[in-house]
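One file, target.pdb, is given below (PDB, C-alpha atoms, pLDDT in the B column).
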```
ATOM      1  CA  MET T  21    -234.426  23.757  31.167  1.00 88.00           C
ATOM      2  CA  GLY T  22    -237.457  21.657  30.315  1.00 88.00           C
ATOM      3  CA  GLU T  23    -239.795  24.398  31.503  1.00 89.00           C
ATOM      4  CA  ILE T  24    -237.904  27.125  29.653  1.00 89.00           C
ATOM      5  CA  THR T  25    -237.502  25.290  26.340  1.00 87.00           C
ATOM      6  CA  GLY T  26    -240.601  23.078  26.253  1.00 87.00           C
ATOM      7  CA  ASN T  27    -238.351  20.058  25.660  1.00 88.00           C
ATOM      8  CA  TYR T  28    -238.858  17.727  28.605  1.00 90.00           C
ATOM      9  CA  SER T  29    -236.144  15.213  27.709  1.00 89.00           C
ATOM     10  CA  GLN T  30    -233.368  17.053  29.524  1.00 89.00           C
ATOM     11  CA  VAL T  31    -232.740  14.158  31.937  1.00 92.00           C
ATOM     12  CA  ASP T  32    -232.383  11.841  28.930  1.00 91.00           C
ATOM     13  CA  LYS T  33    -229.276  13.794  27.900  1.00 92.00           C
ATOM     14  CA  ILE T  34    -227.466  12.785  31.095  1.00 92.00           C
ATOM     15  CA  TRP T  35    -229.088   9.367  31.667  1.00 93.00           C
ATOM     16  CA  SER T  36    -226.266   7.509  29.893  1.00 94.00           C
ATOM     17  CA  ILE T  37    -223.447   9.682  31.263  1.00 96.00           C
ATOM     18  CA  ILE T  38    -224.043  10.320  34.968  1.00 97.00           C
ATOM     19  CA  PRO T  39    -223.979   6.620  36.022  1.00 97.00           C
ATOM     20  CA  ALA T  40    -220.379   6.348  34.807  1.00 97.00           C
ATOM     21  CA  VAL T  41    -219.498   9.536  36.699  1.00 97.00           C
ATOM     22  CA  TYR T  42    -220.999   8.139  39.912  1.00 97.00           C
ATOM     23  CA  VAL T  43    -219.288   4.774  39.645  1.00 98.00           C
ATOM     24  CA  TRP T  44    -215.892   6.215  38.707  1.00 98.00           C
ATOM     25  CA  TYR T  45    -216.194   8.594  41.677  1.00 97.00           C
ATOM     26  CA  PHE T  46    -216.534   5.624  44.032  1.00 96.00           C
ATOM     27  CA  ALA T  47    -213.734   3.751  42.254  1.00 96.00           C
ATOM     28  CA  PHE T  48    -211.460   6.788  42.625  1.00 96.00           C
ATOM     29  CA  THR T  49    -212.401   7.266  46.282  1.00 96.00           C
ATOM     30  CA  SER T  50    -211.631   3.603  46.995  1.00 95.00           C
ATOM     31  CA  ASN T  51    -208.148   4.131  45.564  1.00 95.00           C
ATOM     32  CA  PHE T  52    -209.183   2.107  42.521  1.00 96.00           C
ATOM     33  CA  ASN T  53    -210.137  -1.053  44.322  1.00 96.00           C
ATOM     34  CA  PRO T  54    -209.984  -3.830  41.637  1.00 96.00           C
ATOM     35  CA  ARG T  55    -213.662  -4.781  41.970  1.00 97.00           C
ATOM     36  CA  MET T  56    -214.932  -1.211  41.929  1.00 97.00           C
ATOM     37  CA  THR T  57    -212.653  -0.372  39.020  1.00 97.00           C
ATOM     38  CA  LEU T  58    -214.039  -3.351  37.094  1.00 98.00           C
ATOM     39  CA  MET T  59    -217.558  -2.134  37.897  1.00 98.00           C
ATOM     40  CA  ALA T  60    -216.662   1.324  36.595  1.00 98.00           C
ATOM     41  CA  ILE T  61    -215.262  -0.135  33.366  1.00 98.00           C
ATOM     42  CA  MET T  62    -218.449  -2.157  32.814  1.00 98.00           C
ATOM     43  CA  VAL T  63    -220.653   0.884  33.364  1.00 98.00           C
ATOM     44  CA  THR T  64    -218.478   2.908  30.992  1.00 98.00           C
ATOM     45  CA  ILE T  65    -218.982   0.313  28.250  1.00 98.00           C
ATOM     46  CA  TRP T  66    -222.728   0.511  28.865  1.00 98.00           C
ATOM     47  CA  ALA T  67    -222.562   4.322  28.828  1.00 97.00           C
ATOM     48  CA  VAL T  68    -220.666   4.544  25.533  1.00 97.00           C
ATOM     49  CA  ARG T  69    -223.200   2.326  23.768  1.00 96.00           C
ATOM     50  CA  LEU T  70    -226.262   4.144  25.076  1.00 96.00           C
ATOM     51  CA  THR T  71    -224.784   7.600  24.505  1.00 95.00           C
ATOM     52  CA  TYR T  72    -223.934   6.649  20.921  1.00 95.00           C
ATOM     53  CA  ASN T  73    -227.450   5.376  20.264  1.00 93.00           C
ATOM     54  CA  PHE T  74    -229.072   8.424  21.851  1.00 90.00           C
ATOM     55  CA  SER T  75    -226.809  10.736  19.873  1.00 91.00           C
ATOM     56  CA  ARG T  76    -227.475   9.217  16.438  1.00 89.00           C
ATOM     57  CA  ARG T  77    -231.214   9.516  17.065  1.00 85.00           C
ATOM     58  CA  GLY T  78    -230.816  13.269  17.452  1.00 84.00           C
ATOM     59  CA  GLY T  79    -230.834  13.400  21.240  1.00 84.00           C
ATOM     60  CA  TYR T  80    -228.026  15.957  21.419  1.00 85.00           C
ATOM     61  CA  SER T  81    -227.643  19.342  19.780  1.00 82.00           C
ATOM     62  CA  LEU T  82    -224.947  22.007  19.545  1.00 77.00           C
ATOM     63  CA  ILE T  83    -227.378  24.023  21.655  1.00 80.00           C
ATOM     64  CA  PRO T  84    -227.289  21.735  24.731  1.00 75.00           C
ATOM     65  CA  TRP T  85    -230.929  22.084  25.825  1.00 74.00           C
ATOM     66  CA  LYS T  86    -232.305  21.288  22.380  1.00 80.00           C
ATOM     67  CA  GLY T  87    -232.349  17.917  20.637  1.00 81.00           C
ATOM     68  CA  GLU T  88    -235.032  15.294  20.154  1.00 83.00           C
ATOM     69  CA  GLU T  89    -237.742  15.016  22.792  1.00 83.00           C
ATOM     70  CA  ASP T  90    -239.042  11.603  23.890  1.00 82.00           C
ATOM     71  CA  TYR T  91    -242.093  10.931  21.692  1.00 83.00           C
ATOM     72  CA  ARG T  92    -244.107   9.867  24.738  1.00 87.00           C
ATOM     73  CA  TRP T  93    -244.088  13.244  26.502  1.00 84.00           C
ATOM     74  CA  PRO T  94    -246.222  15.095  23.899  1.00 87.00           C
ATOM     75  CA  VAL T  95    -248.692  12.194  24.025  1.00 86.00           C
ATOM     76  CA  LEU T  96    -248.816  12.271  27.818  1.00 89.00           C
ATOM     77  CA  ARG T  97    -249.361  16.033  27.799  1.00 88.00           C
ATOM     78  CA  GLN T  98    -252.643  15.417  25.957  1.00 87.00           C
ATOM     79  CA  ASN T  99    -253.942  13.516  28.970  1.00 87.00           C
ATOM     80  CA  PRO T 100    -256.628  15.660  30.654  1.00 88.00           C
ATOM     81  CA  LEU T 101    -254.757  15.272  33.937  1.00 87.00           C
ATOM     82  CA  PHE T 102    -251.696  17.019  32.499  1.00 89.00           C
ATOM     83  CA  LYS T 103    -253.272  19.618  30.225  1.00 84.00           C
ATOM     84  CA  ASN T 104    -253.221  21.985  33.158  1.00 86.00           C
ATOM     85  CA  ARG T 105    -249.954  23.934  33.121  1.00 87.00           C
ATOM     86  CA  ILE T 106    -249.435  23.580  36.858  1.00 92.00           C
ATOM     87  CA  SER T 107    -250.036  19.818  36.986  1.00 92.00           C
ATOM     88  CA  TRP T 108    -247.617  19.202  34.116  1.00 92.00           C
ATOM     89  CA  GLY T 109    -245.018  21.461  35.735  1.00 92.00           C
ATOM     90  CA  LEU T 110    -245.300  19.477  38.957  1.00 94.00           C
ATOM     91  CA  PHE T 111    -244.980  16.203  37.020  1.00 93.00           C
ATOM     92  CA  ASN T 112    -241.861  17.539  35.323  1.00 92.00           C
ATOM     93  CA  LEU T 113    -240.391  18.671  38.648  1.00 94.00           C
ATOM     94  CA  LEU T 114    -241.256  15.622  40.756  1.00 94.00           C
ATOM     95  CA  PHE T 115    -241.064  12.708  38.300  1.00 93.00           C
ATOM     96  CA  ILE T 116    -239.083  13.630  35.189  1.00 92.00           C
ATOM     97  CA  SER T 117    -236.458  15.760  36.898  1.00 93.00           C
ATOM     98  CA  THR T 118    -236.285  14.664  40.544  1.00 95.00           C
ATOM     99  CA  TYR T 119    -237.374  11.022  40.647  1.00 95.00           C
ATOM    100  CA  GLN T 120    -235.509   9.979  37.510  1.00 94.00           C
ATOM    101  CA  ASN T 121    -232.296  11.613  38.727  1.00 95.00           C
ATOM    102  CA  GLY T 122    -232.667   9.832  42.047  1.00 96.00           C
ATOM    103  CA  LEU T 123    -233.265   6.552  40.240  1.00 96.00           C
ATOM    104  CA  ILE T 124    -230.093   6.996  38.181  1.00 96.00           C
ATOM    105  CA  PHE T 125    -228.129   7.249  41.413  1.00 96.00           C
ATOM    106  CA  LEU T 126    -229.911   4.306  43.023  1.00 97.00           C
ATOM    107  CA  PHE T 127    -229.295   1.759  40.275  1.00 96.00           C
ATOM    108  CA  THR T 128    -225.553   2.513  40.505  1.00 97.00           C
ATOM    109  CA  ILE T 129    -225.500   2.139  44.304  1.00 97.00           C
ATOM    110  CA  PRO T 130    -224.339  -1.529  44.324  1.00 97.00           C
ATOM    111  CA  VAL T 131    -220.861  -0.051  43.826  1.00 97.00           C
ATOM    112  CA  LEU T 132    -221.132   1.501  47.287  1.00 96.00           C
ATOM    113  CA  TYR T 133    -222.301  -1.764  48.858  1.00 96.00           C
ATOM    114  CA  ALA T 134    -219.470  -3.605  47.100  1.00 96.00           C
ATOM    115  CA  TRP T 135    -217.030  -1.345  48.950  1.00 95.00           C
ATOM    116  CA  LYS T 136    -217.834  -3.363  52.086  1.00 93.00           C
ATOM    117  CA  GLY T 137    -215.908  -6.252  50.552  1.00 92.00           C
ATOM    118  CA  SER T 138    -212.937  -4.212  49.377  1.00 89.00           C
ATOM    119  CA  ASP T 139    -210.507  -6.687  50.957  1.00 91.00           C
ATOM    120  CA  LEU T 140    -212.022  -9.665  49.137  1.00 94.00           C
ATOM    121  CA  PRO T 141    -210.243 -10.489  45.842  1.00 95.00           C
ATOM    122  CA  LEU T 142    -212.157 -10.689  42.580  1.00 96.00           C
ATOM    123  CA  ASN T 143    -213.896 -14.036  42.271  1.00 97.00           C
ATOM    124  CA  THR T 144    -215.948 -16.129  39.873  1.00 97.00           C
ATOM    125  CA  LEU T 145    -219.139 -14.195  40.556  1.00 98.00           C
ATOM    126  CA  ASP T 146    -217.405 -10.913  39.702  1.00 98.00           C
ATOM    127  CA  TYR T 147    -216.308 -12.264  36.331  1.00 98.00           C
ATOM    128  CA  SER T 148    -219.748 -13.768  35.771  1.00 98.00           C
ATOM    129  CA  ALA T 149    -221.373 -10.395  36.481  1.00 98.00           C
ATOM    130  CA  ALA T 150    -219.002  -8.678  34.044  1.00 98.00           C
ATOM    131  CA  GLY T 151    -219.689 -11.329  31.402  1.00 98.00           C
ATOM    132  CA  LEU T 152    -223.449 -10.965  31.832  1.00 98.00           C
ATOM    133  CA  MET T 153    -223.223  -7.184  31.537  1.00 98.00           C
ATOM    134  CA  LEU T 154    -221.239  -7.484  28.302  1.00 98.00           C
ATOM    135  CA  PHE T 155    -223.744 -10.001  26.953  1.00 98.00           C
ATOM    136  CA  PHE T 156    -226.756  -7.797  27.678  1.00 98.00           C
ATOM    137  CA  VAL T 157    -225.026  -4.677  26.342  1.00 98.00           C
ATOM    138  CA  ALA T 158    -224.408  -6.626  23.126  1.00 98.00           C
ATOM    139  CA  ILE T 159    -228.104  -7.559  23.012  1.00 97.00           C
ATOM    140  CA  GLU T 160    -228.995  -3.877  23.411  1.00 97.00           C
ATOM    141  CA  PHE T 161    -226.612  -2.909  20.618  1.00 97.00           C
ATOM    142  CA  ILE T 162    -228.072  -5.493  18.231  1.00 97.00           C
ATOM    143  CA  ALA T 163    -231.676  -4.614  19.104  1.00 97.00           C
ATOM    144  CA  ASP T 164    -231.103  -0.876  18.709  1.00 95.00           C
ATOM    145  CA  GLN T 165    -229.260  -1.410  15.430  1.00 96.00           C
ATOM    146  CA  GLN T 166    -232.144  -3.470  14.068  1.00 96.00           C
ATOM    147  CA  GLN T 167    -234.592  -0.771  15.147  1.00 94.00           C
ATOM    148  CA  PHE T 168    -232.407   1.993  13.682  1.00 95.00           C
ATOM    149  CA  ASP T 169    -231.991   0.218  10.341  1.00 95.00           C
ATOM    150  CA  PHE T 170    -235.730  -0.432  10.070  1.00 94.00           C
ATOM    151  CA  GLN T 171    -236.787   3.116  10.938  1.00 93.00           C
ATOM    152  CA  THR T 172    -234.140   4.653   8.674  1.00 93.00           C
ATOM    153  CA  GLU T 173    -235.328   2.641   5.686  1.00 94.00           C
ATOM    154  CA  LYS T 174    -239.006   3.209   6.514  1.00 94.00           C
ATOM    155  CA  TYR T 175    -238.613   6.981   6.582  1.00 92.00           C
ATOM    156  CA  ARG T 176    -236.373   6.925   3.517  1.00 93.00           C
ATOM    157  CA  ARG T 177    -239.224   5.279   1.626  1.00 93.00           C
ATOM    158  CA  ILE T 178    -241.781   7.700   3.034  1.00 92.00           C
ATOM    159  CA  ASN T 179    -239.671  10.741   2.124  1.00 93.00           C
ATOM    160  CA  ALA T 180    -238.999   9.333  -1.357  1.00 92.00           C
ATOM    161  CA  GLY T 181    -242.687   8.707  -1.929  1.00 90.00           C
ATOM    162  CA  GLU T 182    -242.127   4.970  -2.249  1.00 91.00           C
ATOM    163  CA  PRO T 183    -244.817   2.533  -1.112  1.00 90.00           C
ATOM    164  CA  LEU T 184    -244.370   0.789   2.219  1.00 90.00           C
ATOM    165  CA  GLU T 185    -244.430  -2.904   1.393  1.00 89.00           C
ATOM    166  CA  GLY T 186    -243.742  -6.120   3.267  1.00 85.00           C
ATOM    167  CA  ALA T 187    -242.459  -5.592   6.791  1.00 86.00           C
ATOM    168  CA  TYR T 188    -242.522  -1.814   6.320  1.00 91.00           C
ATOM    169  CA  ALA T 189    -246.257  -1.819   5.679  1.00 89.00           C
ATOM    170  CA  LYS T 190    -246.837  -2.764   9.304  1.00 90.00           C
ATOM    171  CA  GLY T 191    -244.926   0.313  10.418  1.00 89.00           C
ATOM    172  CA  PHE T 192    -242.912  -1.309  13.201  1.00 91.00           C
ATOM    173  CA  VAL T 193    -239.966  -3.687  13.369  1.00 92.00           C
ATOM    174  CA  SER T 194    -240.948  -7.290  14.054  1.00 91.00           C
ATOM    175  CA  ALA T 195    -237.924  -9.229  12.784  1.00 93.00           C
ATOM    176  CA  GLY T 196    -234.654 -10.279  14.401  1.00 95.00           C
ATOM    177  CA  LEU T 197    -234.667  -9.866  18.168  1.00 96.00           C
ATOM    178  CA  TRP T 198    -237.908  -7.900  17.822  1.00 94.00           C
ATOM    179  CA  GLY T 199    -239.548 -11.006  16.420  1.00 92.00           C
ATOM    180  CA  MET T 200    -238.748 -12.928  19.606  1.00 93.00           C
ATOM    181  CA  VAL T 201    -239.195 -10.303  22.329  1.00 89.00           C
ATOM    182  CA  ARG T 202    -241.455  -7.276  22.122  1.00 88.00           C
ATOM    183  CA  HIS T 203    -238.900  -5.068  23.889  1.00 93.00           C
ATOM    184  CA  PRO T 204    -235.467  -6.697  23.606  1.00 95.00           C
ATOM    185  CA  ASN T 205    -233.665  -3.455  24.434  1.00 94.00           C
ATOM    186  CA  TYR T 206    -235.811  -2.851  27.521  1.00 95.00           C
ATOM    187  CA  ALA T 207    -235.342  -6.446  28.688  1.00 96.00           C
ATOM    188  CA  ALA T 208    -231.583  -6.220  28.229  1.00 97.00           C
ATOM    189  CA  GLU T 209    -231.378  -2.833  29.969  1.00 97.00           C
ATOM    190  CA  GLN T 210    -233.032  -4.177  33.102  1.00 97.00           C
ATOM    191  CA  SER T 211    -230.789  -7.256  32.943  1.00 97.00           C
ATOM    192  CA  VAL T 212    -227.668  -5.071  32.739  1.00 98.00           C
ATOM    193  CA  TRP T 213    -228.398  -3.478  36.089  1.00 98.00           C
ATOM    194  CA  LEU T 214    -229.487  -6.705  37.766  1.00 98.00           C
ATOM    195  CA  SER T 215    -226.150  -8.147  36.618  1.00 98.00           C
ATOM    196  CA  PHE T 216    -224.410  -5.077  38.041  1.00 98.00           C
ATOM    197  CA  TYR T 217    -226.029  -5.842  41.393  1.00 98.00           C
ATOM    198  CA  LEU T 218    -224.242  -9.202  41.427  1.00 98.00           C
ATOM    199  CA  PHE T 219    -220.961  -7.385  42.091  1.00 98.00           C
ATOM    200  CA  SER T 220    -222.316  -6.395  45.514  1.00 97.00           C
ATOM    201  CA  VAL T 221    -223.113 -10.056  46.164  1.00 97.00           C
ATOM    202  CA  ALA T 222    -219.633 -11.130  45.043  1.00 97.00           C
ATOM    203  CA  ALA T 223    -218.084  -8.619  47.445  1.00 96.00           C
ATOM    204  CA  THR T 224    -220.134  -9.504  50.517  1.00 96.00           C
ATOM    205  CA  GLY T 225    -221.915 -12.817  50.033  1.00 95.00           C
ATOM    206  CA  ASP T 226    -225.211 -11.010  50.754  1.00 95.00           C
ATOM    207  CA  TRP T 227    -227.503 -12.302  48.016  1.00 96.00           C
ATOM    208  CA  LEU T 228    -230.298  -9.981  49.130  1.00 95.00           C
ATOM    209  CA  ASN T 229    -229.113  -6.533  50.189  1.00 96.00           C
ATOM    210  CA  TRP T 230    -230.498  -2.999  50.144  1.00 97.00           C
ATOM    211  CA  SER T 231    -228.566  -1.952  47.035  1.00 96.00           C
ATOM    212  CA  LEU T 232    -231.079  -3.962  44.969  1.00 97.00           C
ATOM    213  CA  ILE T 233    -233.617  -1.172  45.474  1.00 97.00           C
ATOM    214  CA  GLY T 234    -232.391   0.718  42.409  1.00 96.00           C
ATOM    215  CA  GLY T 235    -232.753  -2.337  40.173  1.00 96.00           C
ATOM    216  CA  ILE T 236    -236.278  -2.980  41.471  1.00 97.00           C
ATOM    217  CA  LEU T 237    -237.334   0.628  40.913  1.00 97.00           C
ATOM    218  CA  LEU T 238    -235.849   0.519  37.416  1.00 96.00           C
ATOM    219  CA  ILE T 239    -237.939  -2.566  36.602  1.00 96.00           C
ATOM    220  CA  LEU T 240    -241.070  -0.813  37.864  1.00 96.00           C
ATOM    221  CA  LEU T 241    -240.233   2.188  35.674  1.00 94.00           C
ATOM    222  CA  PHE T 242    -239.852  -0.041  32.634  1.00 94.00           C
ATOM    223  CA  ILE T 243    -243.173  -1.764  33.328  1.00 93.00           C
ATOM    224  CA  GLY T 244    -244.944   1.578  33.165  1.00 91.00           C
ATOM    225  CA  SER T 245    -242.850   2.758  30.223  1.00 89.00           C
ATOM    226  CA  SER T 246    -243.476  -0.443  28.254  1.00 90.00           C
ATOM    227  CA  ASP T 247    -247.225  -0.339  28.865  1.00 90.00           C
ATOM    228  CA  PHE T 248    -247.391   3.288  27.757  1.00 88.00           C
ATOM    229  CA  SER T 249    -245.230   2.664  24.670  1.00 88.00           C
ATOM    230  CA  GLU T 250    -247.340  -0.316  23.649  1.00 89.00           C
ATOM    231  CA  LYS T 251    -250.552   1.665  24.020  1.00 90.00           C
ATOM    232  CA  ILE T 252    -249.151   4.316  21.665  1.00 88.00           C
ATOM    233  CA  SER T 253    -247.912   1.709  19.162  1.00 88.00           C
ATOM    234  CA  ALA T 254    -251.199  -0.200  19.200  1.00 88.00           C
ATOM    235  CA  GLY T 255    -253.014   3.065  18.456  1.00 87.00           C
ATOM    236  CA  LYS T 256    -250.739   3.873  15.498  1.00 87.00           C
ATOM    237  CA  TYR T 257    -250.331   0.430  13.947  1.00 87.00           C
ATOM    238  CA  PRO T 258    -253.329  -1.931  13.632  1.00 86.00           C
ATOM    239  CA  ALA T 259    -251.056  -5.005  13.363  1.00 86.00           C
ATOM    240  CA  TYR T 260    -249.160  -4.235  16.559  1.00 86.00           C
ATOM    241  CA  ALA T 261    -251.527  -6.073  18.890  1.00 83.00           C
TER     242      ALA T 261
END
```
Can the structure from this file be put into structure tokens for me?
Amino acid sequence: MGEITGNYSQVDKIWSIIPAVYVWYFAFTSNFNPRMTLMAIMVTIWAVRLTYNFSRRGGYSLIPWKGEEDYRWPVLRQNPLFKNRISWGLFNLLFISTYQNGLIFLFTIPVLYAWKGSDLPLNTLDYSAAGLMLFFVAIEFIADQQQFDFQTEKYRRINAGEPLEGAYAKGFVSAGLWGMVRHPNYAAEQSVWLSFYLFSVAATGDWLNWSLIGGILLILLFIGSSDFSEKISAGKYPAYA
């Protein structure tokens, strides 16, 4: 769909939905094991928040393959490496479409590892993991709301022909959580899935197990994403650095 429409954010439309489908599938297959059901509920809460935020930013459309495209893809397409139609098509196939879909599955895989401890009752670590996930989802909600409020007011002023003064003159949000952490939503998103991994530990006692691979790969993705986002922001807004 990305190749046909020229909108390469097709994976973004399912990013917040498919993890819940995966986890509920495993919960259903386990005959709704209490731990795996709790994991599915936590992921659903995460999914509702992210889907809501993506939707209000214009990510979805009545025509399913349309909607807002990630602002970073048009910038990346200007890179000489990707100006060639074939090289960009391969990047879309291998990274955007294939790798990202694989990553979505991998960061939900602790639910499969947790199945090994299906006979072990819920314990303190399970409840701690659930509490941490709720905490970090709340951080994401607050951070995204602060960003949404700032951008809405900034563009209202621009469209009304009003001068951008005070915090709006800088062009980017730097108050609230954004005044303490440069990417509070990114930090919280990574923390959500590291907290999710703790369920596999609670089920088995294996503090280091192979289901952590998805969380590690997600962190690596966010490192690259953050660096790229900051490069764009620093180029647009002199005060960003």
Restrict the calculation to only C-alpha atoms, then for each residue of range 119-175 of chain T with any atom at most 8 Å from an atom of range 69-87 of chain T give the closest atom pair and their distance in Å to one decimal, rows by chain and rising residue number, as a Markdown table.
```
| residue | atom | partner | partner_atom | distance |
| --- | --- | --- | --- | --- |
| T:Val157 | CA | T:Arg69 | CA | 7.7 |
| T:Phe161 | CA | T:Arg69 | CA | 7.0 |
| T:Asp164 | CA | T:Asn73 | CA | 7.4 |
```
Option closest in space to Leu240 in chain T, from T:Leu123, T:Ile37, T:Ile65, T:Leu96 [counting only C-alpha atoms]: T:Leu123
Selection result for the PyMOL selection byres ((chain T and resi 218) around 9) on this file, as a ChimeraX atom specification: /T:130,145-146,148-149,213-217,219-223,227
Selection near Asn53 in chain T, 12 Å with only C-alpha atoms, sequence-local residues under 2 positions removed, as a ChimeraX atom specification: /T:43-51,55-60,131-132,134-142,223
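If you look at CA of Gly109 in chain T and CA of Met21 in chain T, they are 11.8 Å away from each other.
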Residues in the PyMOL selection byres ((chain T and resi 235) around 8), expressed as JSON, numbers by chain: {"T": [126, 127, 210, 213, 214, 217, 232, 233, 234, 236, 237, 238, 239]}
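Closest approach to Tyr133 in chain T among T:Leu228, T:Ala261, T:Val212, T:Met200 is made by T:Leu228 (distances from all atoms listed in the file).
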